[in-house]
Every structure is written in C-alpha cells, then in structure tokens.
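Read through the structure below, which is laid out as structure tokens, and then see the notes.
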Protein chains: 2
Amino acid sequence: MSIDINDALKALDNPARLAILAKLKDPRKNYPEQEVDPEQVGVCVSIIQERAGLSQSTISLYLTALQRAKLVTSQRIGPWTYYKRDEANIAEFLKQLQDLI
Amino acid sequence: MSIDINDALKALDNPARLAILAKLKDPRKNYPEQEVDPEQVGVCVSIIQERAGLSQSTISLYLTALQRAKLVTSQRIGPWTYYKRDEANIAEFLKQLQDLI
DNA sequence: CAAAGAAAACGAGATATTGCTATATTGGCA
DNA sequence: TGCCAATATAGCAATATCTCGTTTTCTTTG
C-alpha cells in the first residue's frame, strides 16, 4: 500500500530522524565505515548510531519508526539489520505533500 | 529570515493544521462564507474554526503555530484576524525538504 | 462609557514523545 | 551447548502536545 502523509510527517518531525533519512541519501560518504555496499543492502544500526550520537535503543526505535512510516526498509543479514531508503515511497510522499499544501 | 524546516515539519505534524494549510489554498471554495476577498486578506479565525470542528482556542493556537513556523501570515482588520498562506515560504520549505531528504 | 463580538491567553487533564538504562532476543561461532 | 556481538523491546521519568473550558484583551458600535 501507499504511504500515509501524516505518518510520514510524524516520522520526520524529529531532527534526528530527519537527519538519518537525509544521510542515507549518500551512505558511502556519510557512513564510510560501512563495509557491505550500502547502496545495495543499506547501513547497519550500529554505524548509524555512532554518527547520530544517541543511544543504541533510541536509534533502533527511530529506525523502526521510519520503517513504520514506510520511508525506509530493513533487511537482516546474519546478526546485522541494514536499513536503506525507500526511494519510491519518499518520492511519493514528497509529491503528495506538494499536491496537498 | 528564511523558514526552518524542523519548525515547519512540527507545525505540519498534526492533521488539523495540515488540513487548514491545505484548505487555505483555495479559500473561496473551502471558506465560501468569508465575505472579504480571502485571496487578498485571508480567512478569519471563526470561519476556519467552523470548518475544522475544533474549539476556538485550539484553532487560535494552531494558527499561531502555523504562523510561528512562517507558513502563514496574519493581519488584523478591526475585530477580525485574517490568516493566509505565505506562498513564498511554503515553496521554500518544500524545496528545502526535497533537497534534504 | 457599556455592551457585544472576535480573538488570544491562561490553566488543566489526558496522552504522546523523547531518550535513557536495563533486559531480552537473535544469530554466528568455538 | 555456551558465549559474544548486534538489535530489539520493556520500563521509566521528563517534557511536550493535544484540546478543552474559562478568562482576558481588543475593537466596534450604541
């Protein structure tokens, strides 16, 4: 199903979550310590956490929130969970917002 | 000064405030009882309130919040306060958001 | 000046969010 | 199996937001 504009706005109404989504735009630059190709699989929680300077549990919570809002997807590979942007939904959200307001 | 993206997102993270901003796009259609030309001066608080179905104090607060976020401007004419969209800032917000995320 | 209407400010209770520490769960590996 | 690293979840106190009813302020008009 398609993205819900209010859910997306709620997820983005937090500077840390907004910054995470923004940084995931260029993961190679913003998360260079990520070894597995971030464009392919995403960036793992602990690396996102380091950069954000918040606790592990808070970051995990925030990533879950972004995922509930359908702005990112996650995939677990072994012990790691990788998060990456859902470009189609982000684009749809921006379009919906633009049309609405 | 220019708009702050986090302030704007905070203001829009509320379905009622989002709807008000959206409705102000076409005030003649959405607020037909407004007699003074809404494109010129805006729509007054009590008319916005009627349509929104929330208390007067809540609407007043919400409009103030939208104004603090610089998404609308207000002008008082006699006993009425008219609110209208700040198109330049709204466009700038959308552009900033698009560039950021 | 008094009265009335419009809007804003105030005060309050319910609910939500923030971000933490502590604990649980998951998966890989010796 | 038992241990360790990576995530997720639970529980919590502090703060913020929601939304109301009430009160105050502002403005026009009699």
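Labels used: A, B, ... for chains in the order of the structure tokens, numbers from 1 for residues in each chain, and numbers from 1 for ligands as shown.
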For the reference chain B, what are the coordinates of chain A after least-squares fitting (all Cα, in-order pairing), as a PDB file with C-alpha atoms, in the first residue's frame?
ATOM      1  CA  MET A   1      14.688  35.311   7.603  1.00  0.00           C
ATOM      2  CA  SER A   2      14.099  32.056   5.859  1.00  0.00           C
ATOM      3  CA  ILE A   3      11.972  29.187   7.007  1.00  0.00           C
ATOM      4  CA  ASP A   4      13.221  26.500   9.388  1.00  0.00           C
ATOM      5  CA  ILE A   5      12.489  23.035   8.120  1.00  0.00           C
ATOM      6  CA  ASN A   6      12.125  21.498  11.567  1.00  0.00           C
ATOM      7  CA  ASP A   7       9.732  24.187  12.703  1.00  0.00           C
ATOM      8  CA  ALA A   8       7.656  23.697   9.579  1.00  0.00           C
ATOM      9  CA  LEU A   9       7.573  19.931   9.998  1.00  0.00           C
ATOM     10  CA  LYS A  10       6.509  20.313  13.598  1.00  0.00           C
ATOM     11  CA  ALA A  11       3.683  22.614  12.560  1.00  0.00           C
ATOM     12  CA  LEU A  12       2.522  20.171   9.895  1.00  0.00           C
ATOM     13  CA  ASP A  13       2.717  17.134  12.151  1.00  0.00           C
ATOM     14  CA  ASN A  14      -0.921  17.474  13.084  1.00  0.00           C
ATOM     15  CA  PRO A  15      -3.775  16.542  10.776  1.00  0.00           C
ATOM     16  CA  ALA A  16      -5.851  19.591  11.673  1.00  0.00           C
ATOM     17  CA  ARG A  17      -3.038  22.055  11.003  1.00  0.00           C
ATOM     18  CA  LEU A  18      -2.122  20.276   7.786  1.00  0.00           C
ATOM     19  CA  ALA A  19      -5.746  20.425   6.648  1.00  0.00           C
ATOM     20  CA  ILE A  20      -6.028  24.119   7.460  1.00  0.00           C
ATOM     21  CA  LEU A  21      -2.982  24.933   5.371  1.00  0.00           C
ATOM     22  CA  ALA A  22      -4.319  22.790   2.547  1.00  0.00           C
ATOM     23  CA  LYS A  23      -7.756  24.392   2.635  1.00  0.00           C
ATOM     24  CA  LEU A  24      -6.269  27.871   2.552  1.00  0.00           C
ATOM     25  CA  LYS A  25      -5.007  27.018  -0.914  1.00  0.00           C
ATOM     26  CA  ASP A  26      -8.464  27.577  -2.297  1.00  0.00           C
ATOM     27  CA  PRO A  27     -10.180  29.750   0.267  1.00  0.00           C
ATOM     28  CA  ARG A  28     -13.072  30.789  -1.978  1.00  0.00           C
ATOM     29  CA  LYS A  29     -14.081  27.177  -2.396  1.00  0.00           C
ATOM     30  CA  ASN A  30     -13.295  25.972   1.119  1.00  0.00           C
ATOM     31  CA  TYR A  31     -14.480  28.998   3.045  1.00  0.00           C
ATOM     32  CA  PRO A  32     -17.275  30.446   0.880  1.00  0.00           C
ATOM     33  CA  GLU A  33     -18.871  32.308   3.791  1.00  0.00           C
ATOM     34  CA  GLN A  34     -15.795  34.524   3.997  1.00  0.00           C
ATOM     35  CA  GLU A  35     -17.016  37.858   2.626  1.00  0.00           C
ATOM     36  CA  VAL A  36     -13.862  39.912   2.431  1.00  0.00           C
ATOM     37  CA  ASP A  37     -11.760  38.655  -0.496  1.00  0.00           C
ATOM     38  CA  PRO A  38      -9.780  35.795   1.038  1.00  0.00           C
ATOM     39  CA  GLU A  39      -7.147  35.886  -1.677  1.00  0.00           C
ATOM     40  CA  GLN A  40      -6.403  39.428  -0.648  1.00  0.00           C
ATOM     41  CA  VAL A  41      -6.617  39.469   3.111  1.00  0.00           C
ATOM     42  CA  GLY A  42      -7.058  35.875   4.191  1.00  0.00           C
ATOM     43  CA  VAL A  43      -9.704  33.997   6.126  1.00  0.00           C
ATOM     44  CA  CYS A  44     -10.790  34.913   9.626  1.00  0.00           C
ATOM     45  CA  VAL A  45     -10.406  32.640  12.615  1.00  0.00           C
ATOM     46  CA  SER A  46     -14.051  31.919  13.292  1.00  0.00           C
ATOM     47  CA  ILE A  47     -14.684  30.702   9.757  1.00  0.00           C
ATOM     48  CA  ILE A  48     -11.666  28.458   9.836  1.00  0.00           C
ATOM     49  CA  GLN A  49     -12.871  27.199  13.188  1.00  0.00           C
ATOM     50  CA  GLU A  50     -16.328  26.250  11.943  1.00  0.00           C
ATOM     51  CA  ARG A  51     -14.918  24.119   9.175  1.00  0.00           C
ATOM     52  CA  ALA A  52     -12.330  22.466  11.391  1.00  0.00           C
ATOM     53  CA  GLY A  53     -14.737  21.426  14.101  1.00  0.00           C
ATOM     54  CA  LEU A  54     -12.381  22.223  16.944  1.00  0.00           C
ATOM     55  CA  SER A  55     -12.744  24.753  19.718  1.00  0.00           C
ATOM     56  CA  GLN A  56     -12.020  28.411  19.133  1.00  0.00           C
ATOM     57  CA  SER A  57      -9.021  28.398  21.408  1.00  0.00           C
ATOM     58  CA  THR A  58      -7.507  25.344  19.765  1.00  0.00           C
ATOM     59  CA  ILE A  59      -7.853  26.862  16.308  1.00  0.00           C
ATOM     60  CA  SER A  60      -6.380  30.138  17.495  1.00  0.00           C
ATOM     61  CA  LEU A  61      -3.463  28.204  18.943  1.00  0.00           C
ATOM     62  CA  TYR A  62      -2.976  26.204  15.755  1.00  0.00           C
ATOM     63  CA  LEU A  63      -3.010  29.294  13.595  1.00  0.00           C
ATOM     64  CA  THR A  64      -0.426  30.869  15.850  1.00  0.00           C
ATOM     65  CA  ALA A  65       1.682  27.725  15.486  1.00  0.00           C
ATOM     66  CA  LEU A  66       1.446  27.876  11.692  1.00  0.00           C
ATOM     67  CA  GLN A  67       2.437  31.502  11.864  1.00  0.00           C
ATOM     68  CA  ARG A  68       5.400  30.834  14.155  1.00  0.00           C
ATOM     69  CA  ALA A  69       6.538  28.306  11.566  1.00  0.00           C
ATOM     70  CA  LYS A  70       6.167  31.056   8.953  1.00  0.00           C
ATOM     71  CA  LEU A  71       3.772  29.061   6.836  1.00  0.00           C
ATOM     72  CA  VAL A  72       1.019  31.677   7.173  1.00  0.00           C
ATOM     73  CA  THR A  73       0.789  35.364   7.901  1.00  0.00           C
ATOM     74  CA  SER A  74      -1.899  37.199   9.758  1.00  0.00           C
ATOM     75  CA  GLN A  75      -3.348  40.635   9.635  1.00  0.00           C
ATOM     76  CA  ARG A  76      -5.831  42.212  11.949  1.00  0.00           C
ATOM     77  CA  ILE A  77      -8.582  44.319  10.483  1.00  0.00           C
ATOM     78  CA  GLY A  78     -10.935  45.692  13.068  1.00  0.00           C
ATOM     79  CA  PRO A  79     -12.063  42.886  15.334  1.00  0.00           C
ATOM     80  CA  TRP A  80     -11.026  40.156  12.906  1.00  0.00           C
ATOM     81  CA  THR A  81      -7.723  38.445  12.383  1.00  0.00           C
ATOM     82  CA  TYR A  82      -7.243  37.113   8.888  1.00  0.00           C
ATOM     83  CA  TYR A  83      -4.805  34.348   8.127  1.00  0.00           C
ATOM     84  CA  LYS A  84      -3.432  33.493   4.746  1.00  0.00           C
ATOM     85  CA  ARG A  85      -0.711  31.306   3.332  1.00  0.00           C
ATOM     86  CA  ASP A  86       2.838  32.524   2.944  1.00  0.00           C
ATOM     87  CA  GLU A  87       3.343  31.084  -0.502  1.00  0.00           C
ATOM     88  CA  ALA A  88       7.002  32.009  -0.781  1.00  0.00           C
ATOM     89  CA  ASN A  89       7.900  30.304   2.480  1.00  0.00           C
ATOM     90  CA  ILE A  90       5.769  27.255   1.750  1.00  0.00           C
ATOM     91  CA  ALA A  91       7.518  26.862  -1.587  1.00  0.00           C
ATOM     92  CA  GLU A  92      10.872  27.296   0.079  1.00  0.00           C
ATOM     93  CA  PHE A  93      10.013  24.706   2.696  1.00  0.00           C
ATOM     94  CA  LEU A  94       9.015  22.195   0.030  1.00  0.00           C
ATOM     95  CA  LYS A  95      12.203  22.848  -1.867  1.00  0.00           C
ATOM     96  CA  GLN A  96      14.357  22.493   1.224  1.00  0.00           C
ATOM     97  CA  LEU A  97      12.629  19.268   2.185  1.00  0.00           C
ATOM     98  CA  GLN A  98      13.041  17.927  -1.318  1.00  0.00           C
ATOM     99  CA  ASP A  99      16.719  18.747  -1.362  1.00  0.00           C
ATOM    100  CA  LEU A 100      17.291  17.320   2.088  1.00  0.00           C
ATOM    101  CA  ILE A 101      15.506  13.999   1.997  1.00  0.00           C
TER     102      ILE A 101
END
Rows by chain and residue number, chain C within 9 Å of chain A, shortest pair, only C-alpha atoms (C1' of nucleotides), as a tab-separated table:
residue	atom	partner	partner_atom	distance
C:DT18	C1'	A:Thr58	CA	8.9
C:DG19	C1'	A:Thr58	CA	6.2
C:DC20	C1'	A:Ser55	CA	7.6
C:DT26	C1'	A:Pro79	CA	7.1
C:DG27	C1'	A:Pro79	CA	5.2
C:DG28	C1'	A:Gly78	CA	7.4
Produce a file of the selected residues containing all heavy atoms, as a compact mmCIF listing (two decimals), in the first residue's frame.
# COMPACT_ATOMS: atom_id res chain seq x y z
P DT C 18 9.64 12.18 19.20
OP1 DT C 18 10.05 13.18 18.20
OP2 DT C 18 9.53 10.76 18.82
O5' DT C 18 10.60 12.30 20.45
C5' DT C 18 10.73 13.54 21.12
C4' DT C 18 11.67 13.39 22.31
O4' DT C 18 10.98 12.66 23.34
C3' DT C 18 12.95 12.61 22.01
O3' DT C 18 14.06 13.44 22.35
C2' DT C 18 12.85 11.37 22.88
C1' DT C 18 11.91 11.82 23.98
N1 DT C 18 11.10 10.76 24.65
C2 DT C 18 11.13 10.66 26.03
O2 DT C 18 11.80 11.40 26.72
N3 DT C 18 10.34 9.67 26.54
C4 DT C 18 9.54 8.78 25.85
O4 DT C 18 8.87 7.94 26.43
C5 DT C 18 9.55 8.94 24.41
C7 DT C 18 8.72 8.05 23.56
C6 DT C 18 10.32 9.91 23.89
P DG C 19 15.46 13.29 21.62
OP1 DG C 19 16.18 14.54 21.79
OP2 DG C 19 15.27 12.73 20.28
O5' DG C 19 16.17 12.18 22.52
C5' DG C 19 16.62 12.56 23.81
C4' DG C 19 16.80 11.32 24.65
O4' DG C 19 15.53 10.67 24.86
C3' DG C 19 17.70 10.25 24.04
O3' DG C 19 18.89 10.15 24.80
C2' DG C 19 16.90 8.98 24.12
C1' DG C 19 15.81 9.34 25.11
N9 DG C 19 14.61 8.53 24.95
C8 DG C 19 14.03 8.12 23.78
N7 DG C 19 12.97 7.37 23.96
C5 DG C 19 12.85 7.27 25.34
C6 DG C 19 11.92 6.59 26.13
O6 DG C 19 10.97 5.89 25.76
N1 DG C 19 12.17 6.78 27.49
C2 DG C 19 13.19 7.53 28.02
N2 DG C 19 13.27 7.59 29.33
N3 DG C 19 14.08 8.17 27.28
C4 DG C 19 13.86 8.00 25.96
P DC C 20 19.99 9.04 24.53
OP1 DC C 20 21.28 9.73 24.40
OP2 DC C 20 19.57 8.13 23.45
O5' DC C 20 19.97 8.23 25.91
C5' DC C 20 20.16 8.94 27.14
C4' DC C 20 19.57 8.18 28.31
O4' DC C 20 18.16 8.00 28.06
C3' DC C 20 20.13 6.78 28.48
O3' DC C 20 21.24 6.82 29.38
C2' DC C 20 18.97 6.02 29.10
C1' DC C 20 17.74 6.81 28.71
N1 DC C 20 16.86 6.08 27.76
C2 DC C 20 15.80 5.32 28.28
O2 DC C 20 15.65 5.25 29.51
N3 DC C 20 14.99 4.65 27.43
C4 DC C 20 15.18 4.74 26.11
N4 DC C 20 14.34 4.08 25.30
C5 DC C 20 16.26 5.51 25.57
C6 DC C 20 17.07 6.15 26.42
P DT C 26 13.78 -14.37 19.12
OP1 DT C 26 12.44 -14.25 18.52
OP2 DT C 26 14.17 -15.58 19.91
O5' DT C 26 14.86 -14.20 17.97
C5' DT C 26 15.13 -12.91 17.44
C4' DT C 26 16.55 -12.88 16.92
O4' DT C 26 17.45 -12.67 18.02
C3' DT C 26 16.99 -14.18 16.25
O3' DT C 26 17.11 -13.95 14.87
C2' DT C 26 18.32 -14.52 16.92
C1' DT C 26 18.69 -13.23 17.63
N1 DT C 26 19.49 -13.34 18.87
C2 DT C 26 20.71 -12.69 18.92
O2 DT C 26 21.17 -12.06 18.00
N3 DT C 26 21.38 -12.83 20.11
C4 DT C 26 20.96 -13.53 21.22
O4 DT C 26 21.66 -13.57 22.23
C5 DT C 26 19.68 -14.18 21.10
C7 DT C 26 19.14 -14.97 22.26
C6 DT C 26 19.00 -14.06 19.95
P DG C 27 17.39 -15.15 13.86
OP1 DG C 27 16.86 -14.75 12.54
OP2 DG C 27 16.96 -16.40 14.51
O5' DG C 27 18.99 -15.18 13.77
C5' DG C 27 19.65 -13.98 13.40
C4' DG C 27 21.14 -14.21 13.44
O4' DG C 27 21.59 -14.22 14.81
C3' DG C 27 21.58 -15.55 12.84
O3' DG C 27 22.70 -15.30 12.01
C2' DG C 27 21.94 -16.39 14.05
C1' DG C 27 22.42 -15.33 15.04
N9 DG C 27 22.27 -15.69 16.45
C8 DG C 27 21.24 -16.38 17.04
N7 DG C 27 21.40 -16.52 18.34
C5 DG C 27 22.60 -15.89 18.61
C6 DG C 27 23.29 -15.72 19.83
O6 DG C 27 22.96 -16.10 20.95
N1 DG C 27 24.48 -15.00 19.66
C2 DG C 27 24.93 -14.52 18.46
N2 DG C 27 26.09 -13.87 18.47
N3 DG C 27 24.29 -14.68 17.30
C4 DG C 27 23.14 -15.37 17.46
P DG C 28 23.40 -16.42 11.17
OP1 DG C 28 23.56 -15.93 9.79
OP2 DG C 28 22.71 -17.70 11.43
O5' DG C 28 24.86 -16.47 11.83
C5' DG C 28 25.62 -15.25 11.82
C4' DG C 28 26.90 -15.45 12.59
O4' DG C 28 26.61 -15.65 13.99
C3' DG C 28 27.74 -16.64 12.15
O3' DG C 28 29.11 -16.24 12.14
C2' DG C 28 27.45 -17.70 13.20
C1' DG C 28 27.23 -16.84 14.45
N9 DG C 28 26.34 -17.41 15.45
C8 DG C 28 25.11 -18.00 15.24
N7 DG C 28 24.53 -18.40 16.34
C5 DG C 28 25.44 -18.06 17.34
C6 DG C 28 25.37 -18.25 18.75
O6 DG C 28 24.45 -18.76 19.40
N1 DG C 28 26.50 -17.75 19.39
C2 DG C 28 27.56 -17.15 18.76
N2 DG C 28 28.55 -16.74 19.54
N3 DG C 28 27.64 -16.97 17.44
C4 DG C 28 26.55 -17.45 16.80
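For the atom pair formed by atom C1' of DG5 of chain C and atom C1' of DT28 of chain D, the distance is 8.8 Å, given to one decimal.
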Practice problem: Restrict the distance test to only C-alpha atoms (C1' of nucleotides), flag each residue of chain D within 12 Å of chain B, and return the flagged residues as number ranges by chain. | Solution: D: 16-23, 25-29
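These are the residues of segment 39-78 of chain B assigned helix (DSSP H, G or I) by DSSP from backbone coordinates: B:Glu39, B:Gln40, B:Val41, B:Val45, B:Ser46, B:Ile47, B:Ile48, B:Gln49, B:Glu50, B:Arg51, B:Ala52, B:Gln56, B:Ser57, B:Thr58, B:Ile59, B:Ser60, B:Leu61, B:Tyr62, B:Leu63, B:Thr64, B:Ala65, B:Leu66, B:Gln67, B:Arg68.
All residues of protein, DNA or RNA that reach within 12 Å of DG30 of chain D, judged by only C-alpha atoms (C1' of nucleotides) and not counting those fewer than 3 positions away in the chain, are DC1, DA2, DA3 and DA4 of chain C.
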